Amino acid sequence: MANIIKNPRNGCALHGALQTVQEIQGVVPVVHANASCGVINYLANSKTSGGNPRFSGYSTPGTAAQERHVIFGGASRLREQIKNTVKVVDGSLYIILNSCESAMVGDDVDAMTREIVEQGEPVVDTLIAGFNGSAYYGYEHVLADIFKSVYELKKNEGEKNPRLVNIFGIIPQKDPYWQGNLEEITRILNGVGLETNIFFGADGGTEDIENARNAALSITFGRWGELPAKVLNEKFEIPVIQRAALPINADDERALIEGIEEYITIDQETKEHFLEKEQKYELNYWSRVRDEIIENDLGRTVAIVGEEEHVIRLGKLVQEVFGAEVVAAVLTDALKKDEEHTLDNGEVLNSIAKNIYKTSDQKDINDIIRQSKAELVIGSSLEQHVADKHGIPLVEASYPVYHKTILNHSSIGVRGIVGVIAEYITAVKQADKEKEEKLQNKLKEFKGQNVWQEHSYKKSHNVKQVGLVSQGAVRESI
Amino acid sequence: MSSIDDRKALTREKRLSSLSHFHGTLEGLIDETSGEEIKQRIRTFSQIHDDETIYAFDVLSKIEDAAIIVNGSVGCGALGISQSNVKDFSWYSTNLVERDTILGGDDKLREAILRAYEEKHPKVILIIGTPVVAINNDDINSVILELEDEIGIPIISIYTDGFKTKTPVTGYDIVTHSLLKYLISKNVELKDNFINIISFSEDIEDVAAIAEIFHELDIKFQVIPRFSSVEEIRRASRARASVVLNPEEGDYLARELEELYEIPYIETEAPIGFRGTKNFLLKIAAFLNIEQEVVDYIEKVESELAQAVVKDVLGDRKIFIDASLSRVPAYARLFTNIGGEVVGFSSPFVDIENRKQLKRLDFLQKNTVAIIGNGQQFEKANELSKNQIDFFFSENSGSSFATDEGAVVISTKNKVTYGFKGVEDIVNSIRKVIGFQNKYRQNSSYKDSWKKRSGNWYVKQEVS
């Protein structure tokens, strides 16, 4: 039995499917649900960091199903909605999304889709319901469902492109840096003469969906993305490379490119020249901060909260760059029992973190952070309160990130990772400054100044600490 | 007659015959809504919009020392993410999955209640209903009955379901009904000297602007239910009187307090613009017998403001108002006074209570465009493009679509619209946006063929 979740952050399968297709330029989503299922996702995401695409929130077509559709079925309302959507809204692909409500009622969404497709309209559907899983599940399944049926609509096969690579696993909105990360992975692969199908964001679009079948290779970063890559493999024999995480340095980029070379020939001179430049860029920035790293003892104990791919990537980063020790890793996207994926990152995770937990429950996460005695937290804005409570600096890197706009900033590759390094150093420096101020005050206290204020501060501080004793075991609640 | 004895609040459609689907003219809308009942309509193409669950969650999440459980699938629980990480705010989802839709989610609700109680030590636990629970017909009351004695605090079911009403404001009615029935103190012997300021949807900027005026006039007040505490809600029945910031949202609570606890309801209009704010304050002044102080205050503030507000700031430009119907007349008068021509408005709903606002629009042309609907940007796009409207004044999120239709957007988000300060803020923001938003203009999301059609093409009579 899935557990109660405090402060659930992962949304549902409908939310994942919706925010995925919304970010494909040219796609018009049609939500078959009660009025607000899609709005909830919009309200949540618009308070976070990445801006809104054209068809999101109140511009999204949807059936806004009412009681009569629950009692008598909503299929005819859906038929009417699809028919009118293609007349009102400009799009090159219309995607019908299902919901808890229509799944429970048992609406024949598929039949309605077939009907309009027979009239020559570009419409596909996905039958996953909200309660089937999280937004990560929604991302994978909607892409898999699109690839299963879209090529029936788009008969023009086009030509195989021996240099084209499909990119999966960078999840719109759920990765706060998704736009920049797609751009960075494109920059890296373009650097060695490859082209990318990234589907989402400024350079993505429905053409990428059409071209996906002509790619020479699919790459999945992390667990989420395996399903759509598998569909393309089964239908068009496109080979798949699975990487545990996105690259963080020139060595990772080399490993990625060499993995690709097993399937696509890459000009060696171009490759070496590109990687040399990457190395130079990396060394420049890393060496600029090496004094700070060495002299400020930045190798703190760290707790990382985020999806598995983030934990692997950022855990490796803090180990390699700062000599930090990851004392706790919380995988917020992990499944209790994963029967859909073959990727097993157990070994990689064990090499990164001392203790690994699977939960998205806020109380569990707060307890883990507290018990870990971490000196720095990498997580979402939801960890702000526990971090503040214990005076631990927080680097915000996973969903949701509030009060910060992240557009084309990246957190991967030699260029993107520089920003993460800077944020880590900034967070530690600010915390150290506060510590220094406290020590100065303490010194004054020892010298006999400000005695009353300091005693009163200590007293209230101690009272707070008593209430923080950890309680209960950590639940596996996903 | 009070409906407090009913198990749950009626929908706005049932209680006040509310209509959420109309597209035509002001004259047509007055005609359509003038009978004893308002005929229902539907849209055969629609865009997704808020529902009563979102409205209920939004207002309840602003109540201190309450614990909220969203009883449904984990996606409905994402509602809490939209609360911007407010300090100490947390919420729970019962995380219902497919198995629970078959076997029922009672056990999970029980577990969630106990957890919320143990972890947060709240003064009340509020359970928000969602579609899955409503379709499943889970027995929430048995769980409440069983646990209320055990934990000794009120556990209140908020009977939202997401599909029984087309009027999201029903969410406020459901909250009102539950608070009246289970939380507001029934001990009416003790009376106090404060006024209940009833607020459901207002942003903190607007509530603070009104609170500042009350403070300056030395009127004791409390704000309920938004930005309140459980204790403040409890003592609402001890107030000297109630006043509502947006009548179409708070009328129900004010009237019930009057009927059940004899708390006078000072009926007034939304405090928007010079005239609206003045009327709002004078009504309160008359009740409190402090007319002279209030007149002096108004004169002082008005004379300061008059210098800041230029009469012809809109320079005969055409403006379309996208706002709650209770606020449309005040905005329309303000824009007319500063030189604009109001050529259309859109509001989420009209019912037999707030339809009186339409009469207050008698200074507008009869053929002024009138759209009634939650969201439905495509219909607004149709009119904006057809009528070459210069300004789109909107209270709603996602209003930038109007730039694609050639209009400049003035948003009320993150600014004060209430009180005299609101006048200054609105005028200043008009000055700022003139000639600024062209660079955001893109191709319209809507087909030309749609925009050539009549805007009411997809609004049909409901056939039952």
# chains A, B, ... in the order shown; residues from 1 in each chain; ligands from 1
call {"tool": "interface_residues", "arguments": {"of": "chain B", "to": "chain A", "cutoff": "8 Å", "atoms": "only C-alpha atoms", "output": "ChimeraX atom specification"}}
result
/B:44-51,54,73-85,87-88,90-98,101,108,111-112,131-132,135,162-166,375-378,397-398,445-447,449-450
call {"tool": "closest_atom_pairs", "arguments": {"of": "range 65-171 of chain B", "to": "range 215-236 of chain B", "cutoff": "8 Å", "atoms": "only C-alpha atoms", "output": "CSV"}}
result
residue,atom,partner,partner_atom,distance
B:Asp65,CA,B:Ser229,CA,6.5
B:Ala66,CA,B:Val230,CA,7.0
B:Lys123,CA,B:Val230,CA,6.8
B:Val124,CA,B:Val230,CA,7.4
call {"tool": "residues_around", "arguments": {"residues": "Ile392 in chain A", "least_positions_apart": "5", "cutoff": "8 Å", "atoms": "only C-alpha atoms", "output": "PDB file with all heavy atoms, in the first residue's frame"}}
result
ATOM      1  N   ALA A 374      24.468  16.437   8.264  1.00  0.00           N
ATOM      2  CA  ALA A 374      25.076  17.057   7.088  1.00  0.00           C
ATOM      3  C   ALA A 374      25.388  18.524   7.367  1.00  0.00           C
ATOM      4  O   ALA A 374      24.665  19.189   8.108  1.00  0.00           O
ATOM      5  CB  ALA A 374      24.134  16.940   5.895  1.00  0.00           C
ATOM      6  N   GLU A 375      26.466  18.991   6.738  1.00  0.00           N
ATOM      7  CA  GLU A 375      26.830  20.413   6.887  1.00  0.00           C
ATOM      8  C   GLU A 375      26.287  21.244   5.726  1.00  0.00           C
ATOM      9  O   GLU A 375      26.334  22.465   5.754  1.00  0.00           O
ATOM     10  CB  GLU A 375      28.355  20.550   6.931  1.00  0.00           C
ATOM     11  CG  GLU A 375      28.967  19.902   8.160  1.00  0.00           C
ATOM     12  CD  GLU A 375      30.464  19.738   8.005  1.00  0.00           C
ATOM     13  OE1 GLU A 375      30.901  19.063   7.050  1.00  0.00           O
ATOM     14  OE2 GLU A 375      31.199  20.278   8.848  1.00  0.00           O
ATOM     15  N   LEU A 376      25.804  20.563   4.699  1.00  0.00           N
ATOM     16  CA  LEU A 376      25.216  21.267   3.562  1.00  0.00           C
ATOM     17  C   LEU A 376      24.162  20.357   2.930  1.00  0.00           C
ATOM     18  O   LEU A 376      24.324  19.139   2.907  1.00  0.00           O
ATOM     19  CB  LEU A 376      26.299  21.601   2.534  1.00  0.00           C
ATOM     20  CG  LEU A 376      25.851  22.381   1.300  1.00  0.00           C
ATOM     21  CD1 LEU A 376      26.822  23.532   1.006  1.00  0.00           C
ATOM     22  CD2 LEU A 376      25.726  21.516   0.059  1.00  0.00           C
ATOM     23  N   VAL A 377      23.079  20.965   2.444  1.00  0.00           N
ATOM     24  CA  VAL A 377      22.030  20.179   1.792  1.00  0.00           C
ATOM     25  C   VAL A 377      21.918  20.618   0.339  1.00  0.00           C
ATOM     26  O   VAL A 377      21.916  21.814   0.047  1.00  0.00           O
ATOM     27  CB  VAL A 377      20.657  20.389   2.482  1.00  0.00           C
ATOM     28  CG1 VAL A 377      19.562  19.616   1.759  1.00  0.00           C
ATOM     29  CG2 VAL A 377      20.711  19.982   3.944  1.00  0.00           C
ATOM     30  N   ALA A 387      16.616  23.121   6.652  1.00  0.00           N
ATOM     31  CA  ALA A 387      17.980  23.649   6.565  1.00  0.00           C
ATOM     32  C   ALA A 387      18.117  24.893   7.458  1.00  0.00           C
ATOM     33  O   ALA A 387      19.066  25.015   8.232  1.00  0.00           O
ATOM     34  CB  ALA A 387      18.327  23.977   5.121  1.00  0.00           C
ATOM     35  N   ALA A 431      27.318  30.664   4.814  1.00  0.00           N
ATOM     36  CA  ALA A 431      27.150  29.995   6.108  1.00  0.00           C
ATOM     37  C   ALA A 431      28.363  30.255   6.999  1.00  0.00           C
ATOM     38  O   ALA A 431      28.232  30.473   8.206  1.00  0.00           O
ATOM     39  CB  ALA A 431      26.954  28.497   5.897  1.00  0.00           C
TER      40      ALA A 431
END
call {"tool": "residues_around", "arguments": {"residues": "Glu262 in chain B", "least_positions_apart": "5", "cutoff": "9 Å", "atoms": "only C-alpha atoms", "output": "tab-separated table (two decimals) with N, CA and C atoms, in the first residue's frame"}}
result
chain	number	residue	atom	x	y	z
B	188	VAL	N	-23.13	32.78	21.83
B	188	VAL	CA	-23.34	34.14	21.33
B	188	VAL	C	-23.53	35.15	22.47
B	237	SER	N	-18.43	34.83	15.59
B	237	SER	CA	-19.81	35.01	16.04
B	237	SER	C	-19.91	36.03	17.19
B	241	ALA	N	-19.93	43.48	13.83
B	241	ALA	CA	-20.55	43.48	12.50
B	241	ALA	C	-19.61	42.77	11.53
B	256	GLU	N	-25.07	34.40	6.81
B	256	GLU	CA	-25.29	33.32	7.78
B	256	GLU	C	-24.92	33.79	9.20
B	257	LEU	N	-23.85	34.57	9.30
B	257	LEU	CA	-23.47	35.11	10.62
B	257	LEU	C	-24.59	36.02	11.15
call {"tool": "closest_residue", "arguments": {"among": "B:Ile127, B:Glu148, B:Ala330, B:Glu424", "to": "Gln307 in chain B", "atoms": "only C-alpha atoms"}}
result
B:Glu424
call {"tool": "select_by_dssp", "arguments": {"residues": "range 6-157 of chain A", "states": "strand (DSSP E or B)", "output": "JSON, numbers by chain"}}
result
{"A": [6, 27, 28, 29, 30, 31, 34, 61, 62, 65, 89, 93, 94, 95, 96, 97, 123, 124, 125, 126]}
call {"tool": "residues_around", "arguments": {"residues": "range 410-417 of chain B", "least_positions_apart": "6", "cutoff": "6 Å", "atoms": "only C-alpha atoms", "output": "count of residues only"}}
result
5
call {"tool": "atom_distance", "arguments": {"atom1": "CA of Leu97 in chain A", "atom2": "CA of Leu143 in chain A"}}
result
11.8 Å
call {"tool": "atom_distance", "arguments": {"atom1": "CA of Tyr172 in chain B", "atom2": "CA of Glu249 in chain B"}}
result
6.8 Å
call {"tool": "residues_around", "arguments": {"residues": "Ala402 in chain B", "least_positions_apart": "4", "cutoff": "9 Å", "atoms": "only C-alpha atoms", "output": "JSON, numbers by chain"}}
result
{"B": [377, 380, 381, 384, 385, 391, 392, 406, 407, 408, 409, 441, 444]}
call {"tool": "atom_distance", "arguments": {"atom1": "CA of Arg12 in chain B", "atom2": "CA of Thr170 in chain B"}}
result
5.6 Å
